[in-house]
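Engineer: First the structure, then my questions, so here it is.
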Amino acid sequence: MQLELDRMEQTQPKTLLELAIRKQLSGFELEATLSLPANQGQVLVLFGPSGSGKTLTLRCIAGATDPDAGIISIGERVVFDSRSGLNIKLAERRVGYLPQNYGLFPHLSVADNIAFGLFKWEKRRVESRVQELINLMQLRGLEKRFPRQLSGGQQQRVAFARALAPDPAILLLDEPFSALDANIRAELRENLALLSRKLDLPVVFITHDLEEAYMLADRIAVYERGRVLQYGSREQIFYHPATREVARLVNIRNIWPGLVQGGVSGEGLVRVRTGFGSLLAKAPTGRELEAGSSVTACLRPEQAILRPAPETHPAGNAFRGRIVGEITRGSLYTLFFQVRRDPADPQLLSLEGTRHPGFNQPYDIELEVPARQYNELRKAGPENLLVEIEPEAVHLITA
Amino acid sequence: MDSFKTTNRSDDTGTGADSGSLPVKQSPGSSTQVATPVEGNTTPLAGPGSPILSEMPPASFPALSEYPPLKRSISPNVFWLTLSGSVMLLFLLVPILALVVRSFADGALGSFLTTPSVVQALQLSLITTAITLVLAVIFGTPLAYLLARYRFPGYGLVDTFLDLPIVLPPAVAGIALLLTLGRRGWIGGWLDQQFGITIGFTTVAVVLAQLFVAAPFYIKAAKAGFESVDRNLETIASSLGSPGLRTFWKITVPLSLPALLGGIVMTWARALGEFGATIMFAGSFEGRTQTMPLAIYASFDSAGGLDEAVTLSVILVVVSFAVLLIFKGLSRFGAMAWNRLEQVNLQGKSQDIPR
């Protein structure tokens with residue numbers, strides 16, 4: 001494919017992107033250190049609530065905003081270094097930058113938009129390049145249209161084509177799908193994942209959509225209030241958040257404060273006392289947990305197993321109780337489970353679970369169960385339900 | 001049975017039968033709540049495939065074909081608006097009409113059209129206003145862009161200062177120009193002593209007087225035009241490798257073209273009508289500084305010169321009207337026409353160019 005031949009890097013760089021920047025705005029300070037090594041994938045997602053500094057980081061990489069201090073390198077090329085005063089201009093950074101609203105040039109046709117960055121090229125090459133991108137982004141037949149005559153998804157694809165045309169070293173996307181309908185969004189999302197691999201192009205991608213972050217990311221940086229709270233692989237971020245803030249931001253629904261009761265010998269497990277009972281969790285590697293120290297146990301709702309309670313109470317993490325509320329999403333049910341307190345433990349009886357504004361009863365565990373399975377469970381009509389939790393699924397935050 | 005609900009209520013209804021379809025439950029008191037407690041009454045609704053059409057109540061209205069079309073009448077609002085609007089419009093129109101009629105009535109138009117003083121005045125007006133316009137665009141555009149894109153200490157002061165020539169009586173502008181560029185003025189005096197150059201009472205003075213009072217109209221309009229262009233577009237253009245000047249020419253100018261053209265028209269109109277500053281700073285010398293407005297006043301002031309004044313006025317009306325029409329047409333084409341000039345031609349032909 002032409003696009004691949006056009007790529008200029010003969011030798012593969014060791015890092016695709018590296019940055020350490022500080023930027024002070026009135027009432028806001030951004031401090032971010034990130035690096036995207038070549039062997040760890042090429043899609044870096046900046047995730048976090050709005051106003052947390054994601055866009056500012058992206059603009060600094062693009063060169064649209066100058067950091068106050070720090071260093072930025074794209075590939076092996078340093079584009080900003082406040083020590084030497086190096087600051088390569090936006091026009092010479094070779095970045096494909098897509099801000100939130102696509103920013104198509106309203107007075108130019110689709111073809112002219114795509115060709116905008118090819119002004120130094122020979123005329124014949126421009127034409128073939130534009131044609132190539134039109135084919136790649138499935139825009140055939142729309143060449144002469146103007147942006148306002150396109151649907152949101154088409155506009156998005158034109159913006160992509162335009163950014164890719166001058167063969168950028170990196171693609172910087174600021175919530176590119178946020179304004180689109182859910183189904184177009186899903187389609188373009190898949191396209192982007194494929195495209196990034198096909199073009200062998202590093203991508204920095206901003207989103208506040210968890211599903212999107214998980215689908216696309218090789219590495220995720222979780223932002224809040226101008227700081228990178230955690231930076232790692234998506235598995236690390238989603239299943240092993242470093243702090244309670246990250247756990248909350250990545251929507252781990254079950255965040256239980258607890259006290260370490262002691263280790264379980266030989267199994268690498270640790271017993272944690274929570275508000276609804278004693279929970280076995282995998283001991284964090286490389287850290288000794290002292291009995292009595294406080295920890296936070298995290299569990300994603302889809303990782304709990306719901307089934308009818310058997311006659312004999314099984315060993316391990318098993319909690320009897322009942323469902324106190326449900327929210328249906330069609331194919332999935334979110335269930336709110338209240339653990340029956342152990343009568344032998346009077347202290348637990350006084351501890352109430354979490355309150356949900358929609359339900360009368362407090363709950364302890366939030367579960368996610370496929371609708372089919374839930375309907376089966378309902379048909380069987382058990383007196384009692386049982387929630388089982390694999391100790392490996394429970395993540396302990398010790399910080 | 002469904003003992004799934006752990007409430008003590010014994011009147012659970014219909015949970016066993018409809019468990020195959022998606023159960024929709026309603027919480028007591030609120031029908032919009034998404035989250036629903038299980039302790040609610042369970043009301044089975046129709047499944048996804050329910051025949052909605054058949055449940056429509058029988059129509060109680062006559063068939064649509066029996067309705068006559070609505071009779072439209074002019075609303076009282078429109079009537080009063082038209083009436084009061086017409087008064088204003090007539091007030092603006094009738095004097096112009098009087099001028100035109102008078103010029104034809106005596107056959108004066110034909111006889112004066114070729115009079116040297118009239119031709120000279122028209123020539124001078126067109127040339128000086130054209131030069132003024134070019135100078136205003138060349139020197140006003142960078143200033144307008146600066147004001148539109150950057151904020152600096154004293155910004156508000158500069159911005160207000162630009163309004164001053166618009167507000168000031170032209171006579172004040174004339175005196176101010178004399179004090180600066182007149183033979184004994186700050187700069188004029190120095191020019192006179194060093195190079196023997198005199199500006200006052202020359203054609204150059206006419207242009208400068210026009211520029212002083214008219215340029216702010218262009219600068220203001222251009223500034224507003226540049227401000228209306230999304231900065232993001234300029235950023236994107238730069239990120240695509242486009243140097244600043246090309247970005248300005250290809251993105252900023254086309255997108256602010258209607259505003260720029262508006263400013264150009266305003267500036268030209270103001271320069272064409274310039275009288276006070278010109279007569280004070282440049283005087284009224286036939287063929288040299290006597291522009292159309294000055295010539296009109298001069299003929300009007302001389303004995304029996306009314307016909308000439310009328311002719312000059314009608315010429316001015318016609319020229320102004322024509323120029324305004326042309327510019328209106330131009331700004332309608334706007335940015336699109338600007339960029340049609342240079343398009344990528346693709347072999348794969350697509351639909352017609354939509355308007």
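Just so we're on the same page: first chain in the structure tokens is A, next is B, and so on; residues restart at 1 for each chain, and ligands are numbered from 1 in the order they show up.
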So which residues of region 183-306 of chain A fall under alpha helix (DSSP H) by DSSP, listed as a ChimeraX atom specification?

Structural biologist: /A:183-199,210-216,234-239,244-249

Engineer: Create the file for the chosen residues now, containing N, CA, C and O atoms and written as a compact mmCIF listing (two decimals), in the first residue's frame.

Structural biologist:
```
# COMPACT_ATOMS: atom_id res chain seq x y z
N ASN A 183 -23.98 4.10 17.06
CA ASN A 183 -23.61 3.04 16.12
C ASN A 183 -22.48 3.47 15.18
O ASN A 183 -21.58 2.70 14.88
N ILE A 184 -22.51 4.74 14.72
CA ILE A 184 -21.42 5.25 13.88
C ILE A 184 -20.14 5.28 14.69
O ILE A 184 -19.05 4.96 14.22
N ARG A 185 -20.30 5.66 15.92
CA ARG A 185 -19.19 5.74 16.84
C ARG A 185 -18.46 4.40 16.94
O ARG A 185 -17.24 4.34 16.83
N ALA A 186 -19.25 3.37 17.13
CA ALA A 186 -18.65 2.04 17.26
C ALA A 186 -17.91 1.65 15.99
O ALA A 186 -16.80 1.11 16.04
N GLU A 187 -18.50 1.98 14.84
CA GLU A 187 -17.90 1.62 13.57
C GLU A 187 -16.56 2.35 13.38
O GLU A 187 -15.54 1.75 13.05
N LEU A 188 -16.59 3.68 13.63
CA LEU A 188 -15.38 4.47 13.43
C LEU A 188 -14.28 4.07 14.40
O LEU A 188 -13.10 4.10 14.09
N ARG A 189 -14.72 3.69 15.59
CA ARG A 189 -13.79 3.25 16.61
C ARG A 189 -13.02 2.04 16.13
O ARG A 189 -11.81 1.96 16.25
N GLU A 190 -13.75 1.09 15.57
CA GLU A 190 -13.10 -0.11 15.05
C GLU A 190 -12.17 0.25 13.89
O GLU A 190 -11.06 -0.25 13.80
N ASN A 191 -12.65 1.15 13.03
CA ASN A 191 -11.82 1.60 11.92
C ASN A 191 -10.51 2.19 12.41
O ASN A 191 -9.46 1.93 11.85
N LEU A 192 -10.60 2.99 13.46
CA LEU A 192 -9.40 3.65 13.97
C LEU A 192 -8.39 2.63 14.47
O LEU A 192 -7.20 2.73 14.19
N ALA A 193 -8.90 1.63 15.21
CA ALA A 193 -8.01 0.60 15.74
C ALA A 193 -7.28 -0.10 14.59
O ALA A 193 -6.07 -0.31 14.65
N LEU A 194 -8.04 -0.42 13.54
CA LEU A 194 -7.43 -1.08 12.38
C LEU A 194 -6.44 -0.16 11.68
O LEU A 194 -5.34 -0.55 11.33
N LEU A 195 -6.88 1.09 11.51
CA LEU A 195 -6.09 2.06 10.77
C LEU A 195 -4.73 2.28 11.41
O LEU A 195 -3.71 2.32 10.74
N SER A 196 -4.75 2.43 12.73
CA SER A 196 -3.50 2.69 13.44
C SER A 196 -2.50 1.58 13.20
O SER A 196 -1.32 1.82 13.00
N ARG A 197 -3.01 0.34 13.20
CA ARG A 197 -2.10 -0.79 12.97
C ARG A 197 -1.67 -0.85 11.52
O ARG A 197 -0.51 -1.06 11.20
N LYS A 198 -2.63 -0.63 10.63
CA LYS A 198 -2.36 -0.70 9.20
C LYS A 198 -1.32 0.34 8.78
O LYS A 198 -0.43 0.07 7.98
N LEU A 199 -1.45 1.55 9.33
CA LEU A 199 -0.54 2.61 8.93
C LEU A 199 0.70 2.66 9.80
O LEU A 199 1.59 3.46 9.55
N LEU A 210 -15.16 5.20 28.84
CA LEU A 210 -14.39 4.06 29.33
C LEU A 210 -14.28 2.95 28.30
O LEU A 210 -13.21 2.40 28.08
N GLU A 211 -15.42 2.65 27.70
CA GLU A 211 -15.45 1.54 26.76
C GLU A 211 -14.48 1.82 25.61
O GLU A 211 -13.72 0.96 25.18
N GLU A 212 -14.53 3.08 25.13
CA GLU A 212 -13.66 3.51 24.05
C GLU A 212 -12.20 3.39 24.46
O GLU A 212 -11.36 2.89 23.72
N ALA A 213 -11.91 3.86 25.67
CA ALA A 213 -10.54 3.79 26.18
C ALA A 213 -10.06 2.34 26.19
O ALA A 213 -8.98 2.02 25.72
N TYR A 214 -10.92 1.46 26.68
CA TYR A 214 -10.50 0.07 26.81
C TYR A 214 -10.31 -0.58 25.45
O TYR A 214 -9.37 -1.32 25.23
N MET A 215 -11.24 -0.28 24.54
CA MET A 215 -11.17 -0.88 23.20
C MET A 215 -9.91 -0.50 22.45
O MET A 215 -9.31 -1.31 21.76
N LEU A 216 -9.53 0.78 22.56
CA LEU A 216 -8.48 1.29 21.68
C LEU A 216 -7.09 1.32 22.31
O LEU A 216 -6.09 1.29 21.61
N ARG A 234 -3.86 -1.15 29.77
CA ARG A 234 -5.29 -1.06 30.11
C ARG A 234 -5.66 -2.06 31.19
O ARG A 234 -6.53 -1.80 32.01
N GLU A 235 -5.00 -3.22 31.22
CA GLU A 235 -5.30 -4.20 32.27
C GLU A 235 -4.94 -3.62 33.64
O GLU A 235 -5.67 -3.77 34.61
N GLN A 236 -3.76 -2.96 33.68
CA GLN A 236 -3.35 -2.36 34.95
C GLN A 236 -4.37 -1.32 35.41
O GLN A 236 -4.77 -1.30 36.56
N ILE A 237 -4.76 -0.45 34.47
CA ILE A 237 -5.65 0.65 34.84
C ILE A 237 -7.02 0.13 35.23
O ILE A 237 -7.59 0.53 36.24
N PHE A 238 -7.54 -0.81 34.46
CA PHE A 238 -8.92 -1.22 34.69
C PHE A 238 -9.06 -2.23 35.82
O PHE A 238 -10.07 -2.25 36.50
N TYR A 239 -8.05 -3.07 36.00
CA TYR A 239 -8.19 -4.11 37.01
C TYR A 239 -7.27 -3.90 38.20
O TYR A 239 -7.48 -4.48 39.24
N ARG A 244 -7.66 4.95 44.97
CA ARG A 244 -9.13 4.94 44.98
C ARG A 244 -9.68 5.89 43.93
O ARG A 244 -10.72 5.63 43.34
N GLU A 245 -8.97 7.02 43.69
CA GLU A 245 -9.45 7.97 42.68
C GLU A 245 -9.49 7.30 41.30
O GLU A 245 -10.46 7.43 40.56
N VAL A 246 -8.42 6.58 40.99
CA VAL A 246 -8.39 5.90 39.69
C VAL A 246 -9.49 4.85 39.64
O VAL A 246 -10.22 4.74 38.66
N ALA A 247 -9.65 4.11 40.73
CA ALA A 247 -10.69 3.09 40.76
C ALA A 247 -12.05 3.72 40.49
O ALA A 247 -12.88 3.18 39.75
N ARG A 248 -12.27 4.89 41.07
CA ARG A 248 -13.54 5.58 40.87
C ARG A 248 -13.66 6.06 39.42
O ARG A 248 -14.70 5.88 38.77
N LEU A 249 -12.57 6.62 38.88
CA LEU A 249 -12.62 7.15 37.52
C LEU A 249 -12.81 6.06 36.47
O LEU A 249 -13.47 6.28 35.46
```

Engineer: Would you pick out the contacts of Gly75 (chain A) at 9 Å or less, using only C-alpha atoms, so that residues sharing its chain but fewer than 6 positions from it are not included, and give the list as a list in words?

Structural biologist: Gln12, Pro13, Lys14, Thr15, Leu16, Leu17, Glu18, Ala38, Ala169, Ile170 and Pro202 of chain A

Engineer: Go ahead and save the picked residues with all heavy atoms, as an mmCIF file, in the first residue's frame.

Structural biologist:
```cif
data_model
loop_
_atom_site.group_PDB
_atom_site.id
_atom_site.type_symbol
_atom_site.label_atom_id
_atom_site.label_comp_id
_atom_site.auth_asym_id
_atom_site.auth_seq_id
_atom_site.Cartn_x
_atom_site.Cartn_y
_atom_site.Cartn_z
ATOM 1 N N GLN A 12 13.254 1.676 13.209
ATOM 2 C CA GLN A 12 12.150 1.792 14.151
ATOM 3 C C GLN A 12 12.636 2.521 15.404
ATOM 4 O O GLN A 12 13.624 2.147 16.021
ATOM 5 C CB GLN A 12 11.663 0.382 14.509
ATOM 6 C CG GLN A 12 10.263 0.336 15.033
ATOM 7 C CD GLN A 12 9.248 0.865 14.020
ATOM 8 O OE1 GLN A 12 9.389 0.658 12.837
ATOM 9 N NE2 GLN A 12 8.252 1.559 14.517
ATOM 10 N N PRO A 13 11.974 3.619 15.796
ATOM 11 C CA PRO A 13 12.408 4.316 17.002
ATOM 12 C C PRO A 13 12.065 3.511 18.258
ATOM 13 O O PRO A 13 11.147 2.697 18.242
ATOM 14 C CB PRO A 13 11.600 5.616 16.953
ATOM 15 C CG PRO A 13 10.408 5.313 16.123
ATOM 16 C CD PRO A 13 10.818 4.250 15.158
ATOM 17 N N LYS A 14 12.815 3.776 19.312
ATOM 18 C CA LYS A 14 12.587 3.018 20.547
ATOM 19 C C LYS A 14 11.372 3.533 21.293
ATOM 20 O O LYS A 14 10.620 2.785 21.873
ATOM 21 C CB LYS A 14 13.826 3.101 21.444
ATOM 22 C CG LYS A 14 14.944 2.169 21.008
ATOM 23 C CD LYS A 14 15.975 2.044 22.122
ATOM 24 C CE LYS A 14 17.363 1.766 21.564
ATOM 25 N NZ LYS A 14 17.991 2.967 20.978
ATOM 26 N N THR A 15 11.217 4.847 21.290
ATOM 27 C CA THR A 15 9.998 5.390 21.896
ATOM 28 C C THR A 15 9.225 6.154 20.824
ATOM 29 O O THR A 15 9.805 6.844 19.996
ATOM 30 C CB THR A 15 10.321 6.366 23.047
ATOM 31 O OG1 THR A 15 11.214 7.343 22.562
ATOM 32 C CG2 THR A 15 10.895 5.662 24.235
ATOM 33 N N LEU A 16 7.932 5.974 20.863
ATOM 34 C CA LEU A 16 7.086 6.654 19.895
ATOM 35 C C LEU A 16 6.780 8.077 20.358
ATOM 36 O O LEU A 16 6.618 8.979 19.559
ATOM 37 C CB LEU A 16 5.788 5.881 19.697
ATOM 38 C CG LEU A 16 5.975 4.424 19.274
ATOM 39 C CD1 LEU A 16 4.656 3.707 19.227
ATOM 40 C CD2 LEU A 16 6.669 4.350 17.925
ATOM 41 N N LEU A 17 6.704 8.222 21.683
ATOM 42 C CA LEU A 17 6.390 9.531 22.242
ATOM 43 C C LEU A 17 6.909 9.576 23.665
ATOM 44 O O LEU A 17 6.813 8.610 24.403
ATOM 45 C CB LEU A 17 4.872 9.758 22.238
ATOM 46 C CG LEU A 17 4.388 11.054 22.886
ATOM 47 C CD1 LEU A 17 4.703 12.232 22.000
ATOM 48 C CD2 LEU A 17 2.895 10.990 23.153
ATOM 49 N N GLU A 18 7.480 10.710 23.994
ATOM 50 C CA GLU A 18 7.964 10.865 25.352
ATOM 51 C C GLU A 18 7.765 12.321 25.745
ATOM 52 O O GLU A 18 8.082 13.218 24.958
ATOM 53 C CB GLU A 18 9.450 10.504 25.419
ATOM 54 C CG GLU A 18 9.869 9.995 26.763
ATOM 55 C CD GLU A 18 11.203 9.268 26.717
ATOM 56 O OE1 GLU A 18 11.806 9.198 25.629
ATOM 57 O OE2 GLU A 18 11.632 8.800 27.774
ATOM 58 N N ALA A 38 8.050 1.826 22.041
ATOM 59 C CA ALA A 38 7.596 1.220 20.794
ATOM 60 C C ALA A 38 7.098 -0.200 20.998
ATOM 61 O O ALA A 38 6.206 -0.651 20.292
ATOM 62 C CB ALA A 38 8.724 1.242 19.775
ATOM 63 N N ALA A 169 3.853 12.142 11.588
ATOM 64 C CA ALA A 169 4.633 11.211 12.400
ATOM 65 C C ALA A 169 3.790 10.648 13.530
ATOM 66 O O ALA A 169 4.110 9.609 14.107
ATOM 67 C CB ALA A 169 5.865 11.908 12.974
ATOM 68 N N ILE A 170 2.706 11.347 13.873
ATOM 69 C CA ILE A 170 1.848 10.919 14.979
ATOM 70 C C ILE A 170 0.456 11.503 14.749
ATOM 71 O O ILE A 170 0.304 12.551 14.127
ATOM 72 C CB ILE A 170 2.441 11.390 16.331
ATOM 73 C CG1 ILE A 170 1.741 10.706 17.505
ATOM 74 C CG2 ILE A 170 2.373 12.904 16.474
ATOM 75 C CD1 ILE A 170 2.487 10.879 18.819
ATOM 76 N N PRO A 202 1.697 5.947 15.430
ATOM 77 C CA PRO A 202 1.314 6.140 16.828
ATOM 78 C C PRO A 202 0.141 7.114 16.947
ATOM 79 O O PRO A 202 0.054 8.074 16.193
ATOM 80 C CB PRO A 202 2.574 6.699 17.491
ATOM 81 C CG PRO A 202 3.502 7.055 16.404
ATOM 82 C CD PRO A 202 3.049 6.406 15.145
#
```

Engineer: When you look at Val264 (chain A) with a cut-off of 12 Å (counting only C-alpha atoms), what residues show up, excluding the ones that are within fewer than 2 positions of it in the same chain? I need them as a list in words.

Structural biologist: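 So, after excluding close chain neighbours, the residues are Val260, Gln261, Gly262, Gly266, Glu267, Gly268, Leu269, Val270, Arg271, Val272, Leu279, Leu280, Ala281, Lys282, Ala283, Leu289, Ala291, Gly316 and Pro391 of chain A.
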
Engineer: Go ahead and write the residues just picked, N, CA, C and O atoms, as a tab-separated table (two decimals), in the first residue's frame.

Structural biologist:
```
chain	number	residue	atom	x	y	z
A	260	VAL	N	-6.95	-5.45	56.99
A	260	VAL	CA	-6.28	-6.73	56.78
A	260	VAL	C	-6.38	-7.56	58.06
A	260	VAL	O	-6.07	-7.07	59.14
A	261	GLN	N	-6.89	-8.79	57.88
A	261	GLN	CA	-7.00	-9.66	59.06
A	261	GLN	C	-5.79	-10.58	59.16
A	261	GLN	O	-5.43	-11.01	60.24
A	262	GLY	N	-5.20	-10.89	58.04
A	262	GLY	CA	-4.03	-11.76	58.07
A	262	GLY	C	-3.93	-12.55	56.79
A	262	GLY	O	-4.89	-12.63	56.02
A	266	GLY	N	0.53	-20.10	52.55
A	266	GLY	CA	0.83	-20.95	51.41
A	266	GLY	C	0.06	-20.64	50.14
A	266	GLY	O	0.36	-21.16	49.09
A	267	GLU	N	-0.97	-19.82	50.19
A	267	GLU	CA	-1.79	-19.61	48.99
A	267	GLU	C	-1.61	-18.23	48.39
A	267	GLU	O	-2.24	-17.91	47.39
A	268	GLY	N	-0.82	-17.41	49.01
A	268	GLY	CA	-0.63	-16.06	48.49
A	268	GLY	C	-1.89	-15.22	48.62
A	268	GLY	O	-2.10	-14.29	47.87
A	269	LEU	N	-2.75	-15.59	49.54
A	269	LEU	CA	-3.99	-14.85	49.72
A	269	LEU	C	-3.96	-14.08	51.03
A	269	LEU	O	-3.20	-14.39	51.93
A	270	VAL	N	-4.83	-13.09	51.08
A	270	VAL	CA	-4.90	-12.31	52.30
A	270	VAL	C	-6.38	-12.13	52.64
A	270	VAL	O	-7.25	-12.05	51.76
A	271	ARG	N	-6.68	-12.18	53.94
A	271	ARG	CA	-8.08	-12.05	54.38
A	271	ARG	C	-8.34	-10.60	54.77
A	271	ARG	O	-7.59	-10.02	55.55
A	272	VAL	N	-9.37	-10.02	54.18
A	272	VAL	CA	-9.68	-8.62	54.44
A	272	VAL	C	-11.08	-8.55	55.03
A	272	VAL	O	-12.02	-9.16	54.51
A	279	LEU	N	-13.37	-11.15	53.35
A	279	LEU	CA	-13.14	-11.34	51.91
A	279	LEU	C	-11.71	-11.81	51.67
A	279	LEU	O	-10.77	-11.24	52.21
A	280	LEU	N	-11.58	-12.86	50.87
A	280	LEU	CA	-10.25	-13.33	50.51
A	280	LEU	C	-9.79	-12.61	49.24
A	280	LEU	O	-10.55	-12.51	48.28
A	281	ALA	N	-8.58	-12.13	49.27
A	281	ALA	CA	-8.07	-11.44	48.09
A	281	ALA	C	-6.65	-11.90	47.83
A	281	ALA	O	-5.96	-12.36	48.73
A	282	LYS	N	-6.27	-11.78	46.57
A	282	LYS	CA	-4.90	-12.12	46.21
A	282	LYS	C	-3.99	-11.06	46.82
A	282	LYS	O	-4.23	-9.86	46.68
A	283	ALA	N	-2.95	-11.54	47.52
A	283	ALA	CA	-2.04	-10.58	48.16
A	283	ALA	C	-1.25	-9.86	47.08
A	283	ALA	O	-0.82	-10.47	46.12
A	289	LEU	N	1.60	-7.22	53.77
A	289	LEU	CA	0.48	-6.51	54.37
A	289	LEU	C	0.39	-6.88	55.84
A	289	LEU	O	0.22	-8.05	56.19
A	291	ALA	N	-1.23	-7.19	59.48
A	291	ALA	CA	-2.58	-7.32	60.00
A	291	ALA	C	-2.99	-6.01	60.66
A	291	ALA	O	-2.21	-5.38	61.36
A	316	GLY	N	-14.36	-20.37	50.71
A	316	GLY	CA	-13.88	-19.23	49.91
A	316	GLY	C	-14.82	-18.05	49.99
A	316	GLY	O	-15.62	-17.92	50.92
A	391	PRO	N	-10.83	-14.92	44.51
A	391	PRO	CA	-9.87	-14.05	45.20
A	391	PRO	C	-8.95	-13.31	44.23
A	391	PRO	O	-8.56	-12.18	44.47
```

Engineer: Find the spatial neighbours of Gly41 (chain A), counting only C-alpha atoms, within a cut-off of 9 Å - ignore same-chain residues fewer than 3 positions away - and output them as a PyMOL selection string.

Structural biologist: chain A and resi 36-38+44+202+217-219

Engineer: I'd like the contact shell of region 160-162 of chain B - 9 Å cut-off, only C-alpha atoms, skipping same-chain residues fewer than 3 positions apart - returned as a list in words.

Structural biologist: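 Using only C-alpha atoms, the neighbours found are Tyr155, Gly156, Leu157, Pro165, Ile166, Pro216, Phe217, Ile219 and Lys220 of chain B.
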
Engineer: Could you give me, as a PyMOL selection string, the residues within 9 Å of Leu332 (chain A), counting only C-alpha atoms and dropping anything in the same chain fewer than 4 positions from it?

Structural biologist: chain A and resi 327-328+368-372+374

Engineer: Find the residues around region 321-323 of chain A up to 6 Å (only C-alpha atoms counted), leave out those fewer than 6 positions away in its own chain, and share them as a list in words.

Structural biologist: Phe336, Phe337, Gln338, Val339, Arg340 and Leu385 of chain A

Engineer: Go ahead and save the residues from that selection, with N, CA and C atoms, as a PDB file, in the first residue's frame.

Structural biologist:
```pdb
ATOM      1  N   PHE A 336     -28.093  -5.257  42.308  1.00  0.00           N
ATOM      2  CA  PHE A 336     -27.570  -4.756  43.579  1.00  0.00           C
ATOM      3  C   PHE A 336     -27.883  -5.783  44.654  1.00  0.00           C
ATOM      4  N   PHE A 337     -26.829  -6.328  45.211  1.00  0.00           N
ATOM      5  CA  PHE A 337     -26.915  -7.502  46.066  1.00  0.00           C
ATOM      6  C   PHE A 337     -26.628  -7.116  47.510  1.00  0.00           C
ATOM      7  N   GLN A 338     -27.559  -7.561  48.356  1.00  0.00           N
ATOM      8  CA  GLN A 338     -27.355  -7.284  49.774  1.00  0.00           C
ATOM      9  C   GLN A 338     -26.923  -8.582  50.452  1.00  0.00           C
ATOM     10  N   VAL A 339     -25.769  -8.537  51.106  1.00  0.00           N
ATOM     11  CA  VAL A 339     -25.250  -9.732  51.766  1.00  0.00           C
ATOM     12  C   VAL A 339     -25.978  -9.922  53.096  1.00  0.00           C
ATOM     13  N   ARG A 340     -26.398 -11.159  53.331  1.00  0.00           N
ATOM     14  CA  ARG A 340     -27.029 -11.459  54.614  1.00  0.00           C
ATOM     15  C   ARG A 340     -25.937 -11.478  55.680  1.00  0.00           C
ATOM     16  N   LEU A 385     -29.822 -16.466  47.126  1.00  0.00           N
ATOM     17  CA  LEU A 385     -28.810 -16.367  46.075  1.00  0.00           C
ATOM     18  C   LEU A 385     -27.436 -16.331  46.727  1.00  0.00           C
TER      19      LEU A 385
END
```

Engineer: Pick out the closest residue to chain A from this set: B:Leu233, B:Ala176, B:Ile315, B:Ala277. Count only C-alpha atoms.

Structural biologist: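 Result for the nearest residue to chain A: B:Leu233.
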
Engineer: Rounded to one decimal place, report the CA of Leu25 (chain A)-CA of Ile206 (chain A) distance in Å.

Structural biologist: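 Going from CA of Leu25 (chain A) over to CA of Ile206 (chain A), I get 20.0 Å.
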
Engineer: So how far away is CA of Asn360 (chain A) from CA of Lys379 (chain A), in Å?

Structural biologist: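 Between CA of Lys379 (chain A) and CA of Asn360 (chain A) the gap is 24.0 Å.
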
Engineer: Could you check which of B:Leu245, B:Ala221, B:Ala148, B:Thr114 is closest to Val265 (chain B), using only C-alpha atoms?

Structural biologist: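 Using only C-alpha atoms, the shortest distance to Val265 (chain B) belongs to B:Ala221.
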